[in-house]
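*Asks:* I'd like to ask some things about the structure below.
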Amino acid sequence: RDGGSRGAMAAVAPSAAAVAPLPPPTRARHRRVTTRASPISVRSTAAAASLVAPVPDSDFGRVVDGPALLSLPHAERRAVLREALERGSGLVIVPNLAGISPDTLVELSYAVGDVVEKNPGVAPEYLIPNVPEVQVIGNVRDERGALRAMFSRAPPLPTDDTTGAPTLRYDPELRSPVWHTDQAFRDPPPFASLLYCVKSPPKGAGGDTAFADMTAACNALDTNRREELRKLRAVCSYAHHNAKVNRRTPTYPLLTPAQRAAHPPVAQRI
């Protein structure tokens with residue numbers, strides 16, 4: 001998503017710090033880890049066939065109705081979500097889930113993978129009380145005006161040279177849009193992220209979340225370019241990420257020395 005290539009599920013409710021020197025990166029092992037999620041390869045079930053639908057006017061992503069999904073037992077729910085992720089190139093939209101509890105969101109997470117992260121390194125005030133698996137992202141504040149969510153101010157979108165309109169094409173000078181795949185600094189990286197929209201900003205006010213089909217982008221490259229990319233590694237650092245965001249958004253937390261030691265930079269395959 002503004003955005004990346006790993007699996008993402010969107011459960012939609014209607015409605016200037018210096019970048020400190022980093023230790024050498026560790027090389028990610030890139031093994032299969034069944035405690036996260038097994039490789040996407042599932043037999044189609046009757047439930048999957050009836051519930052998984054294309055995203056209208058798009059060849060990317062799949063839609064699964066929320067209440068119908070919640071009515072399924074765990075094994076069938078997992079089969080449906082895994083098939084939807086495979087058919088949708090990693091993007092699944094689950095509408096009609098207004099008002100679900102944080103516990104239900106965690107339950108859905110376990111239908112995707114066997115281990116759900118408890119957001120190590122995130123301040124407690126940005127987590128749902130007693131549900132550390134769920135992190136609050138946004139600009140909400142409490143009655144004293146203190147932020148109650150992880151908030152980062154993104155740079156403005158670049159503009160198209162011809163039309164002058166905002167564009168989602170990445171501009172390396174502006175470093176915008178902030179296309180990314182979530183928590184790539186983890187080893188192994190997460191299999192998927194679940195995003196649940198509690199309240200969205202008015203249309204045109206910004207704050208949009210965009211998703212990109214990186215499978216299609218890779219397939220569109222010529223063979224030589226793909227071979228070049230396979231040889232490369234990206235150094236992914238939790239500490240560098242937070243320090244970079246903190247430059248734009250001073251309220252964004254920096255890692256403590258203990259957190260930096262617990263999450264050293266990792267070299268991931270491109």
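Residues in the structure tokens are numbered from 1 in each chain, the chains being A, B, ... in the order shown, and ligands are numbered from 1 in the order shown.
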Within 10 Å of region 193-215 of chain A, which residues of region 123-160 of chain A come that close, and what is the closest atom pair and distance in Å for each? Count only C-alpha atoms and give it as a Markdown table.

*Replies:*
| residue | atom | partner | partner_atom | distance |
| --- | --- | --- | --- | --- |
| A:Val134 | CA | A:Leu194 | CA | 9.3 |
| A:Gln135 | CA | A:Leu195 | CA | 9.6 |
| A:Val136 | CA | A:Tyr196 | CA | 9.6 |
| A:Ile137 | CA | A:Leu195 | CA | 9.5 |
| A:Gly138 | CA | A:Gly207 | CA | 8.9 |
| A:Val140 | CA | A:Lys199 | CA | 10.0 |
| A:Arg153 | CA | A:Gly207 | CA | 9.6 |
| A:Ala154 | CA | A:Gly207 | CA | 9.1 |
| A:Pro156 | CA | A:Gly206 | CA | 9.8 |

*Asks:* Tell me, as a PyMOL selection string, which residues lie within 12 Å of Arg141 (chain A), counting only C-alpha atoms; anything in the same chain fewer than 6 positions away does not count.

*Replies:* chain A and resi 125-126+147-151

*Asks:* Using the selection just defined, write its residues with C-alpha atoms as a PDB file, in the first residue's frame.

*Replies:*
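What landed in out.pdb:
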ATOM      1  CA  GLU A 125      -1.033   4.585  24.679  1.00  0.00           C
ATOM      2  CA  TYR A 126      -1.128   3.762  20.965  1.00  0.00           C
ATOM      3  CA  LEU A 147      -2.485  12.050  20.721  1.00  0.00           C
ATOM      4  CA  ARG A 148      -4.009   8.619  21.267  1.00  0.00           C
ATOM      5  CA  ALA A 149      -2.809   7.141  17.997  1.00  0.00           C
ATOM      6  CA  MET A 150       0.381   6.737  15.990  1.00  0.00           C
ATOM      7  CA  PHE A 151       0.429   9.783  13.724  1.00  0.00           C
TER       8      PHE A 151
END

*Asks:* Of the residues A:Leu127, A:Leu70, A:Thr256, A:Val122, which is the one nearest to Leu105 (chain A), using only C-alpha atoms?

*Replies:*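 Smallest distance to Leu105 (chain A) is found for A:Leu70.
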
*Asks:* Name the residues of region 39-244 of chain A that fall into alpha helix (DSSP H) according to DSSP on the backbone, using the chain letters and numbers of this document, as a ChimeraX atom specification.

*Replies:* /A:46-51,66-70,74-87,102-112,214-219,223-230,238-244

*Asks:* In Å, rounded to a single decimal, give me how far CA of Val245 (chain A) is from CA of Gly164 (chain A).

*Replies:*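 One can read the CA of Gly164 (chain A) to CA of Val245 (chain A) distance as 26.8 Å.
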
*Asks:* Between A:Ala84, A:Thr251, A:Arg169, A:Asn246, which one has atoms that come closest to Val112 (chain A), using only C-alpha atoms?

*Replies:*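 Between A:Ala84, A:Thr251, A:Arg169, A:Asn246, the residue approaching Val112 (chain A) most closely is A:Ala84.
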
*Asks:* Point out the residue among A:Cys218, A:Ala123, A:Ala46, A:Ala53 with the least atom-to-atom distance to Leu255 (chain A), counting only C-alpha atoms.

*Replies:*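 Among A:Cys218, A:Ala123, A:Ala46, A:Ala53, it is A:Ala123 that comes nearest to Leu255 (chain A).
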
*Asks:* For the strand (DSSP E) assignment from backbone DSSP, which residues of region 62-105 of chain A qualify? Please present them as a list of chain:residue names.

*Replies:*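 Matching residues, listed in order: A:Arg62, A:Val63, A:Val64, A:Leu91, A:Val92, A:Ile93, A:Val94, A:Pro95.
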
*Asks:* Under the rule that only C-alpha atoms are counted, which of A:Val80, A:Ala216, A:Leu85, A:Ala47 is the nearest residue to Asp59 (chain A)?

*Replies:*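 Nearest candidate to Asp59 (chain A) out of A:Val80, A:Ala216, A:Leu85, A:Ala47: A:Ala216.
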